[in-house]
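For reference, start19.txt (compact mmCIF, C-alpha atoms and all ligand atoms):
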```txt
# COMPACT_ATOMS: atom_id res chain seq x y z
CA MET A 1 -20.55 -3.54 19.17
CA THR A 2 -23.85 -2.42 20.58
CA THR A 3 -26.92 -1.84 18.47
CA SER A 4 -30.13 -0.09 19.39
CA ASN A 5 -33.47 -1.72 18.82
CA THR A 6 -35.08 1.10 16.87
CA PHE A 7 -36.32 0.31 13.39
CA THR A 8 -36.80 3.61 11.70
CA ALA A 9 -34.87 3.51 8.46
CA THR A 10 -33.70 1.29 5.64
CA ALA A 11 -30.00 0.90 4.90
CA PRO A 12 -27.97 4.11 5.43
CA SER A 13 -27.49 6.41 2.44
CA SER A 14 -24.07 4.95 1.67
CA ALA A 15 -25.54 1.47 1.42
CA PRO A 16 -27.24 0.27 -1.75
CA ALA A 17 -30.89 1.25 -1.92
CA ALA A 18 -33.14 -1.41 -0.48
CA ALA A 19 -34.60 -3.48 -3.28
CA PRO A 20 -38.34 -3.64 -3.79
CA VAL A 21 -39.59 -6.93 -2.41
CA LEU A 22 -42.87 -8.73 -2.42
CA GLY A 23 -44.93 -7.39 0.43
CA GLY A 24 -42.77 -4.29 1.11
CA THR A 25 -39.15 -3.48 1.92
CA LEU A 26 -37.04 -5.21 4.55
CA LYS A 27 -35.36 -2.60 6.74
CA PHE A 28 -32.17 -2.66 8.79
CA ASN A 29 -31.45 -1.14 12.17
CA SER A 30 -30.94 2.60 11.66
CA SER A 31 -27.67 2.82 13.63
CA ASP A 32 -24.79 3.89 11.36
CA ARG A 33 -21.98 4.51 13.89
CA PHE A 34 -19.98 1.50 12.67
CA LEU A 35 -20.38 2.42 8.99
CA ARG A 36 -19.52 6.07 9.59
CA GLU A 37 -16.26 5.10 11.31
CA LEU A 38 -15.40 2.63 8.53
CA ARG A 39 -15.96 5.32 5.91
CA ARG A 40 -13.95 7.89 7.86
CA ARG A 41 -10.96 5.55 8.12
CA VAL A 42 -11.17 4.51 4.45
CA ASP A 43 -11.39 8.18 3.40
CA ALA A 44 -8.28 8.84 5.51
CA TYR A 45 -6.47 5.99 3.71
CA PHE A 46 -7.17 7.54 0.29
CA GLU A 47 -6.23 11.02 1.50
CA LYS A 48 -2.94 9.73 2.94
CA THR A 49 -1.96 7.66 -0.10
CA GLY A 50 -3.32 10.02 -2.76
CA ARG A 51 -4.54 6.99 -4.73
CA ALA A 52 -7.70 7.15 -6.87
CA ARG A 53 -10.69 5.02 -5.89
CA ARG A 54 -11.50 4.27 -9.54
CA ASP A 55 -9.74 4.53 -12.94
CA CYS A 56 -6.66 2.75 -11.55
CA PRO A 57 -3.95 2.22 -14.22
CA GLN A 58 -3.31 -1.37 -13.07
CA MET A 59 -7.01 -2.12 -13.66
CA TYR A 60 -6.80 -1.05 -17.31
CA PHE A 61 -3.64 -3.14 -17.76
CA LYS A 62 -5.31 -6.09 -16.06
CA THR A 63 -8.36 -5.76 -18.32
CA ALA A 64 -6.19 -5.82 -21.46
CA SER A 65 -4.28 -8.88 -20.16
CA ILE A 66 -7.43 -10.87 -19.34
CA LEU A 67 -9.17 -10.03 -22.63
CA ALA A 68 -5.99 -11.02 -24.51
CA TRP A 69 -5.94 -14.29 -22.53
CA PHE A 70 -9.57 -14.96 -23.52
CA ALA A 71 -8.99 -14.03 -27.21
CA ALA A 72 -5.82 -16.16 -27.43
CA ALA A 73 -7.54 -19.26 -26.00
CA TYR A 74 -10.60 -18.78 -28.24
CA LEU A 75 -8.62 -18.17 -31.46
CA LEU A 76 -6.24 -21.07 -30.78
CA LEU A 77 -9.25 -23.37 -30.34
CA LEU A 78 -10.87 -22.00 -33.48
CA PHE A 79 -7.91 -22.05 -35.87
CA VAL A 80 -4.97 -24.01 -34.45
CA ALA A 81 -5.89 -26.85 -32.05
CA THR A 82 -6.70 -30.13 -33.79
CA SER A 83 -5.83 -32.88 -31.28
CA TRP A 84 -7.60 -33.76 -28.04
CA TRP A 85 -4.47 -33.09 -25.98
CA THR A 86 -4.46 -29.45 -27.10
CA ILE A 87 -8.25 -28.96 -27.26
CA ILE A 88 -8.97 -30.15 -23.69
CA PRO A 89 -6.38 -27.96 -21.89
CA LEU A 90 -7.28 -24.96 -24.08
CA SER A 91 -10.98 -25.40 -23.21
CA LEU A 92 -10.08 -25.36 -19.50
CA VAL A 93 -7.91 -22.25 -20.06
CA LEU A 94 -10.85 -20.60 -21.89
CA GLY A 95 -13.17 -21.44 -18.95
CA LEU A 96 -10.70 -19.84 -16.51
CA ALA A 97 -10.45 -16.74 -18.74
CA ILE A 98 -14.27 -16.43 -18.68
CA ALA A 99 -14.21 -16.65 -14.86
CA ALA A 100 -11.42 -14.02 -14.73
CA ILE A 101 -13.49 -11.65 -16.91
CA GLY A 102 -16.40 -12.08 -14.49
CA PHE A 103 -14.36 -11.67 -11.30
CA ASN A 104 -12.33 -8.69 -12.45
CA ILE A 105 -13.80 -6.68 -15.30
CA GLN A 106 -17.56 -7.26 -15.23
CA HIS A 107 -17.92 -7.34 -11.44
CA ASP A 108 -16.10 -4.03 -10.87
CA ALA A 109 -17.85 -2.37 -13.82
CA GLY A 110 -21.27 -3.66 -12.75
CA HIS A 111 -20.69 -2.04 -9.35
CA LYS A 112 -19.54 1.22 -11.04
CA ALA A 113 -16.21 0.68 -9.28
CA TYR A 114 -14.18 0.53 -12.48
CA SER A 115 -14.29 4.16 -13.61
CA GLU A 116 -15.64 7.61 -12.76
CA ARG A 117 -17.08 7.69 -16.29
CA PRO A 118 -20.47 5.95 -16.47
CA TRP A 119 -19.99 4.91 -20.11
CA VAL A 120 -16.74 3.07 -19.28
CA ASN A 121 -18.55 1.11 -16.53
CA LYS A 122 -21.40 0.34 -18.94
CA VAL A 123 -19.08 -0.91 -21.71
CA MET A 124 -16.99 -3.05 -19.34
CA ALA A 125 -20.16 -4.48 -17.73
CA LEU A 126 -21.21 -5.71 -21.19
CA THR A 127 -18.46 -8.34 -20.94
CA LEU A 128 -21.07 -10.33 -18.97
CA ASP A 129 -23.40 -10.35 -22.00
CA LEU A 130 -20.40 -11.55 -24.04
CA MET A 131 -20.05 -14.50 -21.62
CA GLY A 132 -23.71 -15.52 -21.91
CA GLY A 133 -25.15 -13.62 -18.94
CA SER A 134 -27.09 -10.36 -18.80
CA SER A 135 -25.68 -7.14 -17.34
CA TYR A 136 -29.28 -5.90 -16.91
CA LEU A 137 -30.41 -8.88 -14.78
CA TRP A 138 -27.11 -9.02 -12.91
CA ASP A 139 -27.65 -5.45 -11.77
CA TRP A 140 -30.91 -6.54 -10.10
CA LYS A 141 -29.82 -9.95 -8.85
CA HIS A 142 -26.39 -9.02 -7.53
CA ASN A 143 -26.33 -5.25 -6.94
CA SER A 144 -29.83 -4.63 -5.63
CA ILE A 145 -30.76 -7.97 -4.07
CA HIS A 146 -27.63 -9.88 -2.98
CA HIS A 147 -25.62 -6.85 -1.86
CA THR A 148 -28.47 -5.45 0.22
CA TYR A 149 -29.60 -8.71 1.83
CA PRO A 150 -26.71 -11.24 1.91
CA ASN A 151 -27.61 -14.57 3.54
CA ILE A 152 -31.20 -13.56 4.39
CA GLU A 153 -33.44 -16.46 3.43
CA GLY A 154 -36.19 -15.45 1.03
CA GLN A 155 -34.34 -12.26 0.07
CA ASP A 156 -30.86 -13.24 -1.16
CA ASP A 157 -31.22 -15.28 -4.34
CA ASP A 158 -27.51 -16.21 -4.29
CA ILE A 159 -28.09 -18.69 -1.45
CA ASN A 160 -30.91 -20.33 -3.39
CA VAL A 161 -29.65 -23.14 -5.65
CA GLY A 162 -33.04 -24.84 -5.84
CA PHE A 163 -34.25 -27.94 -4.01
CA LEU A 164 -31.05 -29.87 -4.81
CA GLY A 165 -28.99 -27.86 -2.31
CA ARG A 166 -29.56 -26.60 1.23
CA LEU A 167 -27.17 -23.70 1.87
CA SER A 168 -28.99 -21.96 4.73
CA PRO A 169 -30.31 -23.39 8.02
CA HIS A 170 -33.65 -21.74 7.19
CA GLN A 171 -34.20 -23.74 3.99
CA LYS A 172 -36.25 -26.94 3.76
CA ARG A 173 -34.20 -30.11 4.18
CA TYR A 174 -34.67 -33.21 2.03
CA TRP A 175 -33.15 -36.64 2.76
CA PHE A 176 -30.77 -36.44 -0.22
CA HIS A 177 -29.12 -33.30 1.19
CA ARG A 178 -27.18 -35.75 3.35
CA LEU A 179 -25.04 -36.28 0.24
CA GLN A 180 -24.83 -32.64 -0.90
CA GLY A 181 -21.26 -32.30 0.44
CA VAL A 182 -20.28 -34.56 -2.48
CA TYR A 183 -22.68 -33.90 -5.36
CA LEU A 184 -23.10 -30.11 -5.13
CA TRP A 185 -19.49 -29.54 -6.27
CA VAL A 186 -20.37 -31.24 -9.56
CA LEU A 187 -23.71 -29.43 -9.89
CA TYR A 188 -21.92 -26.07 -9.48
CA GLY A 189 -20.39 -26.78 -12.90
CA PHE A 190 -23.84 -26.86 -14.51
CA LEU A 191 -24.91 -23.48 -13.09
CA ALA A 192 -23.28 -21.53 -15.95
CA ILE A 193 -24.98 -23.79 -18.53
CA LYS A 194 -28.36 -23.35 -16.78
CA TRP A 195 -27.72 -19.62 -16.76
CA HIS A 196 -26.95 -19.57 -20.52
CA PHE A 197 -30.01 -21.56 -21.60
CA PHE A 198 -32.65 -21.01 -18.93
CA ASP A 199 -32.26 -18.55 -16.03
CA ASP A 200 -32.05 -15.22 -17.89
CA PHE A 201 -34.91 -16.07 -20.26
CA TYR A 202 -37.07 -17.34 -17.38
CA ASN A 203 -36.39 -14.27 -15.19
CA VAL A 204 -37.33 -11.92 -18.03
CA ALA A 205 -40.42 -13.96 -18.93
CA VAL A 206 -41.82 -13.97 -15.38
CA GLY A 207 -40.40 -10.56 -14.32
CA ARG A 208 -39.03 -12.04 -11.11
CA ILE A 209 -35.76 -13.11 -9.49
CA GLY A 210 -36.50 -15.46 -6.60
CA GLY A 211 -39.09 -13.70 -4.44
CA HIS A 212 -38.38 -10.26 -5.93
CA THR A 213 -40.35 -8.65 -8.70
CA ILE A 214 -38.17 -6.86 -11.24
CA PRO A 215 -39.06 -4.66 -14.22
CA ARG A 216 -38.59 -6.50 -17.51
CA PRO A 217 -35.94 -4.90 -19.79
CA LYS A 218 -37.42 -2.31 -22.13
CA GLY A 219 -36.08 -0.09 -24.94
CA LYS A 220 -32.27 0.10 -24.91
CA ASP A 221 -32.01 -2.52 -22.13
CA LEU A 222 -34.07 -4.99 -24.18
CA VAL A 223 -31.92 -4.35 -27.28
CA VAL A 224 -28.74 -5.02 -25.22
CA PHE A 225 -30.32 -8.16 -23.71
CA ILE A 226 -31.23 -9.63 -27.11
CA ALA A 227 -28.01 -8.49 -28.85
CA GLY A 228 -25.98 -9.97 -25.98
CA LYS A 229 -27.63 -13.38 -26.42
CA VAL A 230 -27.10 -13.27 -30.22
CA VAL A 231 -23.40 -12.38 -29.80
CA PHE A 232 -22.86 -15.05 -27.12
CA PHE A 233 -24.52 -17.86 -29.08
CA SER A 234 -22.59 -16.77 -32.22
CA ILE A 235 -19.26 -16.88 -30.35
CA ALA A 236 -20.03 -20.12 -28.51
CA PHE A 237 -21.69 -22.07 -31.35
CA GLY A 238 -22.33 -20.14 -34.62
CA ILE A 239 -18.75 -19.26 -35.62
CA PRO A 240 -17.10 -22.52 -34.38
CA LEU A 241 -19.73 -24.59 -36.30
CA LEU A 242 -18.52 -23.03 -39.56
CA LEU A 243 -15.12 -24.68 -39.04
CA HIS A 244 -15.63 -27.71 -36.79
CA PRO A 245 -18.03 -30.68 -36.35
CA TRP A 246 -20.96 -30.18 -33.94
CA TRP A 247 -19.71 -32.72 -31.39
CA ALA A 248 -16.34 -30.93 -31.09
CA VAL A 249 -18.05 -27.52 -30.68
CA LEU A 250 -20.40 -28.96 -28.05
CA GLY A 251 -17.51 -30.63 -26.21
CA VAL A 252 -15.45 -27.41 -26.04
CA TYR A 253 -18.51 -25.43 -24.89
CA ALA A 254 -19.32 -28.01 -22.19
CA LEU A 255 -15.76 -28.09 -20.84
CA ALA A 256 -15.31 -24.29 -20.82
CA ALA A 257 -18.77 -23.65 -19.33
CA PHE A 258 -18.31 -26.36 -16.68
CA THR A 259 -14.90 -24.96 -15.68
CA SER A 260 -16.17 -21.38 -15.41
CA GLY A 261 -19.31 -22.59 -13.59
CA VAL A 262 -17.36 -24.49 -10.90
CA VAL A 263 -14.83 -21.69 -10.39
CA LEU A 264 -17.40 -18.85 -10.28
CA SER A 265 -19.80 -20.75 -8.00
CA VAL A 266 -17.20 -22.02 -5.54
CA VAL A 267 -15.54 -18.59 -5.17
CA PHE A 268 -18.89 -16.95 -4.41
CA GLN A 269 -19.84 -19.75 -1.96
CA LEU A 270 -16.56 -19.37 -0.04
CA ALA A 271 -17.56 -15.82 0.95
CA HIS A 272 -21.02 -16.53 2.35
CA CYS A 273 -21.73 -20.25 2.70
CA VAL A 274 -19.12 -21.28 5.23
CA GLU A 275 -19.23 -22.12 8.93
CA GLU A 276 -18.07 -18.64 9.99
CA ALA A 277 -20.85 -16.72 8.17
CA ASP A 278 -24.14 -15.87 9.88
CA PHE A 279 -27.61 -16.40 8.42
CA PRO A 280 -29.69 -13.82 10.34
CA VAL A 281 -33.47 -13.75 10.18
CA PRO A 282 -35.74 -10.71 10.38
CA VAL A 283 -37.79 -10.06 13.53
CA ILE A 284 -41.35 -8.78 13.69
CA ALA A 285 -41.40 -5.09 14.68
CA PRO A 286 -44.22 -3.60 16.80
CA ASP A 287 -45.91 -2.29 13.63
CA GLY A 288 -46.00 -5.84 12.24
CA SER A 289 -43.31 -5.28 9.59
CA GLN A 290 -40.21 -7.45 9.29
CA ARG A 291 -36.93 -5.81 10.38
CA MET A 292 -33.30 -6.82 10.83
CA THR A 293 -31.82 -6.25 14.30
CA SER A 294 -28.37 -5.43 12.85
CA ASP A 295 -27.49 -2.26 11.02
CA TRP A 296 -26.59 -2.65 7.35
CA ALA A 297 -22.77 -2.51 7.73
CA LEU A 298 -22.71 -4.93 10.67
CA HIS A 299 -24.92 -7.33 8.69
CA GLN A 300 -22.46 -7.28 5.76
CA VAL A 301 -19.52 -8.20 8.03
CA GLN A 302 -21.45 -10.87 9.95
CA THR A 303 -22.56 -12.65 6.77
CA THR A 304 -19.28 -12.48 4.82
CA VAL A 305 -15.88 -14.17 5.13
CA ASP A 306 -12.54 -13.33 3.44
CA PHE A 307 -9.95 -15.92 2.37
CA ALA A 308 -6.35 -16.20 1.17
CA PRO A 309 -5.55 -12.49 1.74
CA ARG A 310 -1.79 -13.01 1.25
CA ASN A 311 -1.92 -15.18 -1.88
CA PRO A 312 -0.76 -12.88 -4.75
CA VAL A 313 -1.94 -15.22 -7.55
CA LEU A 314 -5.46 -15.54 -6.11
CA CYS A 315 -5.60 -11.81 -5.27
CA TRP A 316 -4.91 -11.10 -8.97
CA PHE A 317 -7.17 -13.78 -10.45
CA LEU A 318 -10.17 -13.38 -8.12
CA GLY A 319 -10.53 -9.63 -8.60
CA GLY A 320 -10.91 -8.96 -4.89
CA LEU A 321 -13.58 -11.62 -4.36
CA ASN A 322 -11.39 -13.15 -1.67
CA PHE A 323 -11.92 -9.79 0.13
CA GLN A 324 -15.69 -9.86 0.11
CA ILE A 325 -16.04 -8.15 3.51
CA GLU A 326 -14.34 -5.07 2.02
CA HIS A 327 -16.26 -5.50 -1.24
CA HIS A 328 -19.64 -5.64 0.54
CA LEU A 329 -18.83 -2.53 2.57
CA PHE A 330 -17.20 -0.55 -0.26
CA HIS A 331 -18.49 -1.99 -3.50
CA ARG A 332 -17.90 1.26 -5.40
CA ILE A 333 -14.15 1.13 -4.78
CA CYS A 334 -11.97 -0.66 -7.38
CA HIS A 335 -10.89 -4.09 -6.12
CA VAL A 336 -7.16 -3.36 -6.50
CA HIS A 337 -7.41 -1.44 -3.19
CA TYR A 338 -8.99 -4.28 -1.16
CA PRO A 339 -5.76 -5.83 0.24
CA ALA A 340 -4.82 -2.46 1.79
CA LEU A 341 -8.41 -1.70 2.88
CA SER A 342 -8.71 -5.10 4.59
CA GLN A 343 -6.24 -3.93 7.25
CA VAL A 344 -8.28 -0.78 7.86
CA VAL A 345 -11.57 -2.70 8.08
CA GLU A 346 -10.13 -5.39 10.36
CA GLU A 347 -8.82 -2.70 12.72
CA VAL A 348 -12.21 -0.94 12.92
CA CYS A 349 -13.96 -4.28 13.51
CA ARG A 350 -11.58 -5.04 16.37
CA GLU A 351 -12.29 -1.64 17.95
CA PHE A 352 -16.07 -2.15 17.67
CA GLY A 353 -15.89 -5.76 18.91
CA VAL A 354 -17.24 -7.06 15.60
CA LYS A 355 -16.14 -10.54 14.45
CA TYR A 356 -13.93 -10.26 11.32
CA ALA A 357 -13.68 -13.74 9.78
CA ALA A 358 -10.98 -14.69 7.26
CA HIS A 359 -9.45 -17.99 6.17
CA ARG A 360 -5.69 -17.89 5.69
CA SER A 361 -5.82 -20.06 2.57
CA ILE A 362 -8.29 -21.09 -0.09
CA PHE A 363 -8.00 -24.68 1.16
CA GLY A 364 -9.21 -23.60 4.61
CA ALA A 365 -12.17 -21.84 2.98
CA ILE A 366 -13.00 -24.85 0.76
CA ALA A 367 -12.84 -27.18 3.79
CA SER A 368 -15.19 -24.84 5.68
CA HIS A 369 -17.68 -24.78 2.77
CA PHE A 370 -17.56 -28.60 2.65
CA ARG A 371 -18.24 -28.87 6.41
CA TRP A 372 -21.08 -26.35 6.07
CA LEU A 373 -22.68 -28.40 3.28
CA VAL A 374 -22.40 -31.56 5.40
CA GLN A 375 -23.87 -29.76 8.43
CA MET A 376 -26.79 -28.37 6.39
CA GLY A 377 -27.46 -31.83 4.96
CA ARG A 378 -27.75 -33.56 8.34
CA PRO A 379 -31.13 -33.97 10.03
CA PRO A 380 -31.63 -31.34 12.76
CA LYS A 381 -30.80 -32.51 16.28
CA LEU A 382 -33.86 -33.01 18.46
CA ALA A 383 -33.92 -31.04 21.71
CA PRO A 384 -33.43 -33.29 24.77
CA CYS A 385 -36.55 -34.12 26.81
CA PRO A 386 -36.86 -31.93 29.93
ZN ZN A 401 -20.48 -7.68 -5.79
```
Show this structure as structure tokens.
Amino acid sequence: MTTSNTFTATAPSSAPAAAPVLGGTLKFNSSDRFLRELRRRVDAYFEKTGRARRDCPQMYFKTASILAWFAAAYLLLLFVATSWWTIIPLSLVLGLAIAAIGFNIQHDAGHKAYSERPWVNKVMALTLDLMGGSSYLWDWKHNSIHHTYPNIEGQDDDINVGFLGRLSPHQKRYWFHRLQGVYLWVLYGFLAIKWHFFDDFYNVAVGRIGGHTIPRPKGKDLVVFIAGKVVFFSIAFGIPLLLHPWWAVLGVYALAAFTSGVVLSVVFQLAHCVEEADFPVPVIAPDGSQRMTSDWALHQVQTTVDFAPRNPVLCWFLGGLNFQIEHHLFHRICHVHYPALSQVVEEVCREFGVKYAAHRSIFGAIASHFRWLVQMGRPPKLAPCP
């Protein structure tokens, strides 16, 4: 695909609005030929099949199944399980249910891809507050920041795990990153716990996510933020403490949170932090501003990788997050369509000469993430003397 070198606009109108950033707004190349063709072909798919982009019956059935799975695991832990050999597996099952809620219900709803009715999206997005997150902050962190600027250092907060991990070649390297291919997998498990007790409160207190300033929640948003935390801490600790000793409640919380943390983190890393994904950097335009040389749609494909597209169990459980190329291009379309759309997108990429990267299996994707971590942890090779 060819791209012009003019820098006259931000992301095209179909792309998410560029997020406000410190020092201005990072713009993409204004060319939208690739995106227009992608949209034309996807529109043709929906016209031909007559399927609805949102409010898909299988999505409502899936939501009921996952919420029942969560409720069953929680109630069994609360009222039935008494021995370690039932408590430990049920805690893991609860952690997987939390991840499934995030992948399927909250993620689609947060992107307004669940329903045509705004209130349905709002209600379903609240499942994140139920799990200890914040639908308000997620909208900024994921929708506005990550989806506009994936893999751009200093912009995309999802590739920033703090000084303990180096996920991008443009991040500072410390000597201990040499071992990150081993220890980061364990640290991923603590990300959900950090999120529950620190991240949301810190982001609201400072009014920032990474390098981006965000408005603090006010009015209704503040009420939802506080109520969400009260409900989560009641479900996770308050109610169980009425029936069980503190060490058992803490143990179940730790196991479930660790499980959901590892699963959520790894699945998101497999889409962007693998050998096949690019980490482009802005260039300085003649007017002194920072610009991306790629257009928005091309950037999404270059920085994102699919995996396990033919695995029916993962396609169900991951809520389309193994089709992140399609998700990044069409985040307002319900994820149940992604397997079919992946064929359309791959075809258009081939025609435009754009690299479409996908791992056949989740093991291939995990191996690629491991190799990427090892590569990012190594000292940079010195250029040979002339
Ligand atoms: Zn998303």
### Task
Go through the chains and note each residue within 9 Å of ligand ZN 401 (chain A), using all atoms listed in the file, then give the set as a PyMOL selection string.
chain A and resi 107-108+110-111+142-143+146-147+321+324+327-328+331
### Query
For the atom pair atom CA of A:Leu298 and atom CA of A:Asp32, what is the interatomic distance in Å to one decimal place?
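Computing it gives 9.1 Å between the two atoms.
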### Among listed residues A:Leu167, A:Ala308, A:Val182, A:Ala68, nearest A:Gly364 (using only C-alpha atoms)
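Nearest candidate to A:Gly364 out of A:Leu167, A:Ala308, A:Val182, A:Ala68: A:Ala308.
What separates atom CA of A:Tyr202 from atom CA of A:Thr303 is a distance of 28.6 Å.
The shortest atom-to-atom distance to A:Trp140, with all atoms listed in the file taken into account, belongs to A:Asp156 out of A:Gln302, A:Arg33, A:Asp156, A:Arg41.
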Stretch 47-56 of chain A: which residues within 7 Å, counting all atoms listed in the file, same-chain residues fewer than 5 positions away excluded, as an mmCIF file with C-alpha atoms, in the frame of the given file?
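Output saved as out-v6.cif:
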```cif
data_model
loop_
_atom_site.group_PDB
_atom_site.id
_atom_site.type_symbol
_atom_site.label_atom_id
_atom_site.label_comp_id
_atom_site.auth_asym_id
_atom_site.auth_seq_id
_atom_site.Cartn_x
_atom_site.Cartn_y
_atom_site.Cartn_z
ATOM 1 C CA ALA A 113 -16.210 0.680 -9.280
ATOM 2 C CA TYR A 114 -14.180 0.530 -12.480
ATOM 3 C CA SER A 115 -14.290 4.160 -13.610
ATOM 4 C CA GLU A 116 -15.640 7.610 -12.760
ATOM 5 C CA ILE A 333 -14.150 1.130 -4.780
ATOM 6 C CA CYS A 334 -11.970 -0.660 -7.380
#
```
Sorted per-residue table, stretch 155-264 of chain A near stretch 270-281 of chain A, closest atoms and distance, 12 Å, only C-alpha atoms, as a Markdown table:
```
| residue | atom | partner | partner_atom | distance |
| --- | --- | --- | --- | --- |
| A:Gln155 | CA | A:Val281 | CA | 10.3 |
| A:Asp156 | CA | A:Phe279 | CA | 10.6 |
| A:Asp158 | CA | A:His272 | CA | 9.3 |
| A:Ile159 | CA | A:Cys273 | CA | 7.8 |
| A:Asn160 | CA | A:Cys273 | CA | 11.0 |
| A:Val161 | CA | A:Cys273 | CA | 11.9 |
| A:Gly165 | CA | A:Cys273 | CA | 11.6 |
| A:Arg166 | CA | A:Cys273 | CA | 10.2 |
| A:Leu167 | CA | A:Cys273 | CA | 6.5 |
| A:Ser168 | CA | A:Phe279 | CA | 6.8 |
| A:Pro169 | CA | A:Phe279 | CA | 7.5 |
| A:His170 | CA | A:Phe279 | CA | 8.2 |
| A:Gln171 | CA | A:Phe279 | CA | 10.8 |
| A:Val263 | CA | A:Leu270 | CA | 10.7 |
| A:Leu264 | CA | A:Leu270 | CA | 10.3 |
```
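Only residues having an atom at most 10 Å from (-16.7, -12.4, -13.0) are included; using only C-alpha atoms, these are Ala97, Ile98, Ala99, Ala100, Ile101, Gly102, Phe103, Asn104, Ile105, Gln106, His107, Asp108, Gly110, Ala125, Thr127, Leu128, Met131, Ser260, Val263, Leu264, Phe268, Phe317, Leu318, Gly319 and Leu321 of chain A.
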### Message
Env of A:Phe233: 12 Å cut, atoms = only C-alpha atoms, seq-sep filter 3 positions within chain, self excluded. Answer as a list in words.
### Response
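Those residues are Asp129, Leu130, Met131, Gly132, Gly133, His196, Phe197, Ile226, Ala227, Gly228, Lys229, Val230, Ala236, Phe237, Gly238, Ile239, Pro240, Leu241, Val249, Leu250 and Tyr253 of chain A.
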